[in-house]
$ cat coords_29.txt   # compact mmCIF, C-alpha atoms
# COMPACT_ATOMS: atom_id res chain seq x y z
CA MET I 246 -20.68 12.89 20.36
CA ARG I 247 -18.31 10.72 22.28
CA SER I 248 -19.30 7.80 20.10
CA ASP I 249 -18.45 9.73 16.93
CA ALA I 250 -15.11 10.75 18.37
CA SER I 251 -14.29 7.18 19.28
CA ARG I 252 -15.32 6.01 15.86
CA ASP I 253 -13.10 8.64 14.29
CA HIS I 254 -10.25 7.41 16.41
CA VAL I 255 -10.81 3.86 15.20
CA LEU I 256 -10.99 5.11 11.61
CA VAL I 257 -7.67 6.87 11.97
CA ARG I 258 -6.07 3.70 13.28
CA LEU I 259 -7.67 1.75 10.46
CA LEU I 260 -6.10 4.27 8.12
CA ASP I 261 -2.73 3.54 9.68
CA LEU I 262 -3.27 -0.14 9.02
CA ALA I 263 -4.47 0.53 5.48
CA TYR I 264 -1.32 2.52 4.85
CA ASP I 265 0.87 -0.32 6.10
CA VAL I 266 -1.03 -2.86 4.02
CA SER I 267 -0.88 -0.66 0.93
CA SER I 268 2.83 -0.06 1.40
CA ARG I 269 3.45 -3.77 1.49
CA LEU I 270 1.17 -4.65 -1.42
CA ARG I 271 2.13 -1.83 -3.74
CA HIS I 272 4.78 -3.99 -5.38
CA HIS I 273 2.58 -7.06 -5.59
CA ALA I 274 2.93 -8.98 -8.83
CA GLN I 275 -0.77 -8.81 -9.61
CA PRO I 276 -1.99 -5.38 -10.74
CA VAL I 277 -5.42 -6.07 -9.31
CA VAL I 278 -3.91 -6.48 -5.86
CA ARG I 279 -1.96 -3.25 -6.22
CA LEU I 280 -5.13 -1.51 -7.30
CA SER I 281 -7.14 -2.98 -4.44
CA ALA I 282 -4.54 -1.75 -1.99
CA ALA I 283 -4.60 1.72 -3.50
CA LEU I 284 -8.37 1.83 -3.37
CA LEU I 285 -8.35 0.74 0.23
CA LEU I 286 -6.00 3.55 1.11
CA ALA I 287 -8.00 6.12 -0.84
CA ALA I 288 -11.23 5.04 0.82
CA SER I 289 -9.56 5.09 4.21
CA VAL I 290 -8.30 8.60 3.65
CA ALA I 291 -11.75 9.67 2.54
CA ALA I 292 -13.38 8.10 5.56
CA CYS I 293 -11.07 9.99 7.86
CA SER I 294 -11.38 13.20 5.91
CA GLY I 295 -15.10 13.12 6.48
CA ALA I 296 -14.60 12.38 10.10
CA PRO I 297 -12.23 14.92 11.57
CA VAL I 298 -10.56 14.00 14.80
CA GLU I 299 -11.24 16.21 17.75
CA ILE I 300 -8.14 15.50 19.74
CA GLY I 301 -6.10 18.60 20.43
CA SER I 302 -5.39 21.49 18.13
CA ASP I 303 -1.62 21.69 18.07
CA ARG I 304 -0.06 21.62 14.67
CA ALA I 305 3.35 20.57 13.61
CA PRO I 306 5.14 23.33 11.74
CA VAL I 307 5.02 22.99 7.99
CA THR I 308 8.47 22.24 6.68
CA GLN I 309 9.06 22.62 2.99
CA ALA I 310 11.12 19.92 1.38
CA GLN I 311 14.61 20.88 0.35
CA ALA I 312 14.68 22.18 -3.20
CA LEU I 313 16.45 20.16 -5.84
CA ALA I 314 20.01 21.19 -6.56
CA GLY I 315 19.43 20.61 -10.25
CA GLU I 316 16.90 19.25 -12.67
CA VAL I 317 16.29 15.51 -12.64
CA ARG I 318 15.90 13.64 -15.91
CA THR I 319 16.57 9.93 -15.93
CA GLY I 320 15.16 6.91 -17.69
CA LEU I 321 13.16 8.80 -20.30
CA PRO I 322 12.81 7.41 -23.83
CA SER I 323 15.66 8.41 -26.06
CA GLN I 324 13.45 8.69 -29.12
CA PRO I 325 10.57 11.11 -29.62
CA GLY I 326 7.17 9.50 -29.65
CA ALA I 327 4.25 8.44 -27.50
CA TYR I 328 4.72 5.78 -24.88
CA GLN I 329 2.16 4.07 -22.72
CA LEU I 330 2.30 4.95 -19.06
CA VAL I 331 2.33 2.01 -16.67
CA PRO I 332 -0.88 2.32 -14.65
CA GLY I 333 -0.40 3.23 -11.03
CA SER I 334 3.28 4.00 -11.42
CA LEU I 335 3.10 7.78 -11.27
CA ASN I 336 3.85 9.95 -8.30
CA ARG I 337 5.40 13.31 -7.59
CA ASP I 338 7.74 13.78 -4.69
CA ALA I 339 7.97 16.71 -2.35
CA GLN I 340 10.81 18.24 -4.34
CA GLY I 341 8.75 18.28 -7.50
CA THR I 342 10.17 15.27 -9.30
CA TYR I 343 7.75 13.02 -11.12
CA GLN I 344 8.47 9.33 -11.02
CA PHE I 345 6.72 6.86 -13.24
CA ALA I 346 7.17 3.87 -15.49
CA TRP I 347 6.56 3.73 -19.22
CA LYS I 348 6.31 0.87 -21.65
CA GLY I 349 8.77 0.44 -24.45
CA PRO I 350 7.94 -0.88 -27.92
CA ALA I 351 8.37 -4.47 -26.76
CA GLY I 352 6.21 -3.90 -23.71
CA GLU I 353 9.14 -3.66 -21.34
CA GLU I 354 8.61 -1.41 -18.35
CA MET I 355 11.14 1.33 -17.80
CA ARG I 356 11.31 3.55 -14.77
CA ALA I 357 11.89 7.25 -15.22
CA ALA I 358 12.17 10.39 -13.15
CA ALA I 359 11.89 13.95 -14.36
CA SER I 360 11.50 17.27 -12.66
CA ARG I 361 10.75 19.25 -15.80
CA LEU I 362 7.63 17.63 -17.04
CA GLN I 363 4.50 19.08 -18.52
CA LEU I 364 1.03 17.72 -17.86
CA ALA I 365 -1.91 17.68 -20.22
CA GLN I 366 -5.42 16.43 -19.75
CA SER I 367 -6.31 13.61 -22.06
CA ASP I 368 -8.49 10.53 -22.41
CA THR I 369 -5.52 8.23 -22.16
CA GLU I 370 -2.45 8.00 -20.01
CA GLN I 371 0.73 8.27 -21.95
CA LEU I 372 4.11 9.90 -22.06
CA VAL I 373 4.81 12.02 -25.10
CA VAL I 374 8.41 12.91 -25.87
CA PRO I 375 8.54 15.74 -28.39
CA GLU I 376 11.35 16.46 -30.81
CA GLN I 377 12.21 19.46 -28.70
CA GLY I 378 11.25 20.57 -25.26
CA ASP I 379 10.22 18.77 -22.17
CA PRO I 380 8.17 15.58 -22.16
CA VAL I 381 4.43 15.75 -21.62
CA LEU I 382 2.48 13.40 -19.42
CA HIS I 383 -1.02 12.96 -20.74
CA LEU I 384 -3.36 12.05 -17.92
CA THR I 385 -7.08 11.76 -17.50
CA ARG I 386 -8.85 14.32 -15.38
CA ASP I 387 -9.42 11.71 -12.71
CA THR I 388 -5.90 10.39 -12.56
CA PRO I 389 -4.65 10.96 -9.03
CA ILE I 390 -1.02 11.87 -8.59
CA PRO I 391 0.15 10.67 -5.20
CA LEU I 392 2.30 13.30 -3.52
CA VAL I 393 5.01 11.40 -1.77
CA GLN I 394 8.14 12.10 0.14
CA SER I 395 11.44 12.68 -1.57
CA ASP I 396 13.93 9.95 -1.94
CA ALA I 397 14.45 9.07 -5.54
CA SER I 398 16.25 12.22 -6.53
CA GLY I 399 19.47 11.48 -4.75
CA VAL I 400 19.15 14.64 -2.76
CA PRO I 401 19.60 14.30 0.98
CA ASN I 402 16.37 14.26 2.86
CA GLN I 403 15.34 16.84 5.36
CA THR I 404 14.26 14.94 8.37
CA SER I 405 12.63 16.54 11.31
CA GLY I 406 11.43 13.45 13.01
CA GLY I 407 11.68 9.72 13.03
CA GLY I 408 9.26 7.01 12.16
CA THR I 409 7.06 6.60 9.19
CA ALA I 410 5.49 9.76 7.94
CA PHE I 411 1.90 9.89 6.91
CA VAL I 412 1.65 9.95 3.16
CA PRO I 413 0.45 10.23 0.54
CA ALA I 414 -1.94 12.93 -0.44
CA PHE I 415 -3.62 12.67 -3.80
CA TRP I 416 -3.31 15.53 -6.26
CA TYR I 417 -5.77 16.12 -9.08
CA PRO I 418 -4.13 18.82 -11.19
CA PHE I 419 -6.92 19.23 -13.72
CA TYR I 420 -9.67 20.06 -11.29
CA GLY I 421 -10.48 23.69 -11.04
CA PRO I 422 -10.48 26.52 -13.54
CA LEU I 423 -7.10 25.80 -15.04
CA PHE I 424 -6.17 25.33 -18.65
CA SER I 425 -5.91 21.63 -19.33
CA GLY I 426 -3.36 21.73 -22.14
CA PRO I 427 0.34 21.06 -21.79
CA ARG I 428 1.64 23.18 -18.96
CA TYR I 429 3.94 22.91 -16.01
CA TYR I 430 1.67 22.18 -13.09
CA ASP I 431 2.48 22.46 -9.44
CA PRO I 432 0.34 21.50 -6.46
CA PRO I 433 -0.28 23.94 -3.63
CA ARG I 434 2.86 24.50 -1.56
CA THR I 435 1.24 23.22 1.58
CA VAL I 436 -0.58 19.94 1.43
CA PRO I 437 -2.62 18.51 4.28
CA SER I 438 -1.39 15.03 4.89
CA GLY I 439 -3.73 12.32 3.75
CA SER I 440 -5.95 14.63 1.76
CA ARG I 441 -7.26 15.12 -1.72
CA VAL I 442 -5.78 18.21 -3.31
CA GLU I 443 -7.16 19.81 -6.43
CA GLY I 444 -5.66 22.35 -8.77
CA GLY I 445 -2.63 24.40 -7.89
CA THR I 446 -0.71 26.54 -10.31
CA GLN I 447 0.27 26.19 -13.93
CA SER I 448 2.60 28.02 -16.25
CA THR I 449 4.13 27.80 -19.68
CA ILE I 450 7.60 27.78 -18.23
CA PRO I 451 8.77 25.72 -15.29
CA ARG I 452 8.82 27.46 -11.96
CA PRO I 453 12.13 27.82 -10.13
CA LEU I 454 13.20 24.68 -8.29
CA SER I 455 12.67 26.36 -4.96
CA GLU I 456 9.04 27.03 -5.82
CA ARG I 457 8.18 23.47 -6.72
CA THR I 458 8.59 21.96 -3.29
CA ILE I 459 5.75 21.15 -1.00
CA GLY I 460 5.39 20.73 2.71
CA LEU I 461 2.98 18.58 4.59
CA ASP I 462 0.61 20.35 6.90
CA ARG I 463 0.24 17.90 9.71
CA ALA I 464 -1.72 17.88 12.88
CA VAL I 465 0.26 16.68 15.85
CA SER I 466 -2.60 14.59 17.10
CA GLY I 467 -5.43 15.44 14.81
CA ARG I 468 -7.55 18.46 14.17
CA ALA I 469 -10.61 19.55 12.32
CA GLY I 470 -10.78 21.97 9.44
CA GLY I 471 -8.13 24.04 7.77
CA THR I 472 -7.01 24.21 4.21
CA GLY I 473 -3.38 25.06 4.59
CA GLN I 474 -2.10 27.90 2.47
CA GLY I 475 -2.14 26.37 -0.93
CA SER I 476 -2.84 28.65 -3.80
CA ALA I 477 -5.96 28.04 -5.82
CA ALA I 478 -6.44 24.73 -4.15
CA THR I 479 -9.68 23.13 -3.24
CA LEU I 480 -9.49 20.59 -0.52
CA LYS I 481 -12.53 18.42 -0.61
CA SER I 482 -11.96 17.04 2.78
CA GLY I 483 -11.16 20.25 4.53
CA ALA I 484 -9.62 18.20 7.26
CA THR I 485 -6.30 16.90 8.28
CA VAL I 486 -6.21 13.54 9.84
CA ALA I 487 -3.81 12.23 12.37
CA GLY I 488 -0.87 10.21 11.25
CA LYS I 489 1.02 7.54 13.08
CA SER I 490 1.45 8.38 16.67
CA GLY I 491 4.75 9.95 17.41
CA ALA I 492 5.66 10.19 13.78
CA ALA I 493 5.45 13.90 13.30
CA SER I 494 7.81 14.23 10.43
CA ALA I 495 8.12 16.60 7.57
CA VAL I 496 7.88 15.76 3.94
CA GLY I 497 11.57 15.22 3.71
CA ALA I 498 11.50 12.26 6.05
CA ALA I 499 11.37 9.56 3.52
CA PRO I 500 10.10 6.06 3.52
CA LYS I 501 12.22 3.75 1.42
CA SER I 502 10.31 4.15 -1.76
CA GLY I 503 8.48 7.11 -3.07
CA SER I 504 6.45 4.96 -5.37
CA PHE I 505 2.87 4.17 -4.74
CA SER I 506 0.61 2.22 -7.02
CA ALA I 507 -2.55 4.17 -7.04
CA GLY I 508 -4.12 2.36 -9.90
CA LYS I 509 -5.55 3.76 -13.08
CA GLY I 510 -7.39 6.94 -13.63
CA SER I 511 -10.59 5.40 -12.51
CA LEU I 512 -9.41 5.71 -8.96
CA GLY I 513 -10.38 9.34 -8.87
CA GLY I 514 -14.04 8.61 -8.76
CA ILE I 515 -13.86 5.77 -6.35
CA GLY I 516 -13.85 5.75 -2.65
CA LEU I 517 -13.12 9.39 -2.17
CA SER I 518 -16.54 10.38 -1.08
CA GLY I 519 -16.21 8.64 2.19
CA GLY I 520 -18.45 5.83 1.12
CA MET D 75 10.70 -12.10 1.33
CA THR D 76 6.94 -12.30 1.05
CA PRO D 77 5.00 -12.65 4.28
CA SER D 78 2.65 -15.60 4.38
CA PRO D 79 -1.02 -14.81 4.10
CA ALA D 80 -3.21 -15.51 7.07
CA SER D 81 -4.83 -18.90 7.40
CA SER D 82 -8.15 -19.46 5.70
CA SER D 83 -10.00 -19.98 8.97
CA SER D 84 -8.64 -16.71 10.29
CA GLN D 85 -9.67 -14.96 7.10
CA LYS D 86 -13.13 -16.48 7.15
CA GLU D 87 -13.75 -15.20 10.63
CA LEU D 88 -12.42 -11.79 9.74
CA ARG D 89 -14.53 -11.68 6.60
CA GLY D 90 -17.64 -11.99 8.72
CA GLN D 91 -16.37 -9.36 11.09
CA ILE D 92 -15.78 -6.92 8.24
CA ARG D 93 -19.24 -7.51 6.82
CA ARG D 94 -20.88 -6.95 10.17
CA SER D 95 -18.79 -3.96 11.12
CA ARG D 96 -20.67 -0.73 11.67
CA VAL D 97 -17.56 1.37 11.90
CA LEU D 98 -16.68 0.71 8.28
CA THR D 99 -18.39 2.48 5.43
CA ALA D 100 -19.63 0.40 2.51
CA SER D 101 -16.56 1.36 0.50
CA LEU D 102 -14.21 0.42 3.27
CA ARG D 103 -15.92 -2.93 3.70
CA LYS D 104 -15.55 -3.63 0.02
CA TYR D 105 -11.89 -2.69 -0.14
CA TRP D 106 -10.92 -4.46 3.05
CA LEU D 107 -12.58 -7.58 1.68
CA GLY D 108 -10.62 -7.05 -1.53
CA VAL D 109 -7.26 -7.18 0.18
CA LEU D 110 -8.24 -9.70 2.81
CA PRO D 111 -6.73 -12.73 1.04
CA HIS D 112 -3.39 -10.93 1.00
CA LEU D 113 -3.26 -9.87 4.63
CA THR D 114 -0.71 -11.41 6.93
CA GLU D 115 -1.62 -12.90 10.30
CA GLU D 116 -0.31 -9.80 12.00
CA GLU D 117 -2.38 -7.49 9.82
CA CYS D 118 -5.43 -9.67 10.35
CA ALA D 119 -4.90 -9.46 14.08
CA ARG D 120 -4.66 -5.67 13.97
CA LEU D 121 -7.76 -5.41 11.84
CA ARG D 122 -9.66 -7.79 14.07
CA GLU D 123 -8.72 -5.77 17.11
CA LEU D 124 -9.78 -2.49 15.55
CA LEU D 125 -13.08 -3.86 14.36
CA ALA D 126 -13.75 -5.23 17.80
CA GLU D 127 -12.94 -1.86 19.29
CA GLY D 128 -15.25 -0.23 16.77
CA ARG D 129 -18.01 -2.64 17.70
CA LEU D 130 -17.70 -1.66 21.33
CA THR D 131 -17.59 1.99 20.40
CA LEU D 132 -20.76 1.76 18.41
CA SER D 133 -22.69 -0.43 20.74
CA GLY D 134 -25.22 2.38 21.01
CA PRO D 135 -27.37 3.86 18.25
CA SER D 136 -25.91 4.08 14.81
CA SER D 137 -23.55 6.90 14.02
CA THR D 138 -24.87 9.42 11.56
CA GLN D 139 -21.92 8.87 9.27
CA GLN D 140 -22.51 5.21 8.91
CA ASP D 141 -24.07 3.85 5.84
CA ALA D 142 -26.48 1.04 5.83
CA GLY D 143 -25.16 -0.36 2.60
CA SER D 144 -23.53 -3.69 2.40
CA THR D 145 -21.24 -4.80 -0.34
CA ALA D 146 -19.58 -7.98 -1.19
$ encode --input "coords_29.txt" --output "structure tokens"
Amino acid sequence: MRSDASRDHVLVRLLDLAYDVSSRLRHHAQPVVRLSAALLLAASVAACSGAPVEIGSDRAPVTQAQALAGEVRTGLPSQPGAYQLVPGSLNRDAQGTYQFAWKGPAGEEMRAAASRLQLAQSDTEQLVVPEQGDPVLHLTRDTPIPLVQSDASGVPNQTSGGGTAFVPAFWYPFYGPLFSGPRYYDPPRTVPSGSRVEGGTQSTIPRPLSERTIGLDRAVSGRAGGTGQGSAATLKSGATVAGKSGAASAVGAAPKSGSFSAGKGSLGGIGLSGG
Amino acid sequence: MTPSPASSSSQKELRGQIRRSRVLTASLRKYWLGVLPHLTEEECARLRELLAEGRLTLSGPSSTQQDAGSTA
């Protein structure tokens, strides 16, 4: 199986490259390029998830991100109504803050961040601001929410290591036996880096800030198997893949931007089966 | 500052390498080809090196995880 192990090693390094390419292209002017980059990353993650690395079994300790000091709510529409979500703009950071862009009446794109946000399964992707209460993000079942490191909240990062950390993981909140209506959803508390994460928890009231954080479960040099300790989570891959060498950092170690253009909801069905 | 894309000759060579690669799944081939026009010289060089390494790795019989599919 030496050949398989070597191939896995090449795949992991290809994943590194895919991550670098995607990071650079995620702000590309052409949406199709952003989408292509996101698909490349998703397929690369899937390829590695299906090909666990055999090197070593040491694991970096899981470090939960620092909880928010207060709720985040910036850039949201001032008027109640339904607003189109900008495709590929959504992510959720390790502290539990959603970041996304929405389109105003004139088609202008506005960036927003909110920690108290409900999710609801829908056929379209839009932001609904009610007369009262917290906004609701309507997402398709197959819309992936990249789980990224914290940096947009203004809260100091918790850094346990240098270098570029290995992100993101993709969260599919509506998979699993959960109610799909407006609820406060949270992913499992421990997320294997570079994985697909399904389900999590949901509630009619937001969980305490300290219970919305996540930590990345990372292998130091790669390992096979393991599902972390997420609650009600199904990890399709069942594997953690190695990140950049020497970059064993926790979720709090932030790259410059937490944003990642993962494309539209159609991404969920593409490239995640490992080809 | 936008890095310059790799030269067309470099990309053409790499395109063939991607299509012939046995380390890449069909999906990966497709998506690497999708971003190929936007890769920088440095990224092309890294990709070329990894594909070459993969070719050496898989010089024996096909890996069970490989797919035989080929996409544009």
$ interface_residues --input "coords_29.txt" --of "chain D" --to "chain I" --cutoff "8 Å" --atoms "all atoms listed in the file" --output "list in words"
Val97, Leu98, Thr99, Ala100, Ser101, Leu102, Tyr105, Trp106, Gly108, Val109, Leu113, Glu117, Arg120, Leu121, Leu124, Glu127, Gly128, Thr131, Leu132, Ser137 and Asp141 of chain D
$ residues_around --input "coords_29.txt" --residues "region 447-459 of chain I" --least-positions-apart "3" --cutoff "6 Å" --atoms "only C-alpha atoms" --output "PyMOL selection string"
chain I and resi 309-310+312+339-341+428-430+434-435
$ atom_distance --input "coords_29.txt" --atom1 "CA of Pro111 (chain D)" --atom2 "CA of Gln85 (chain D)"
7.1 Å
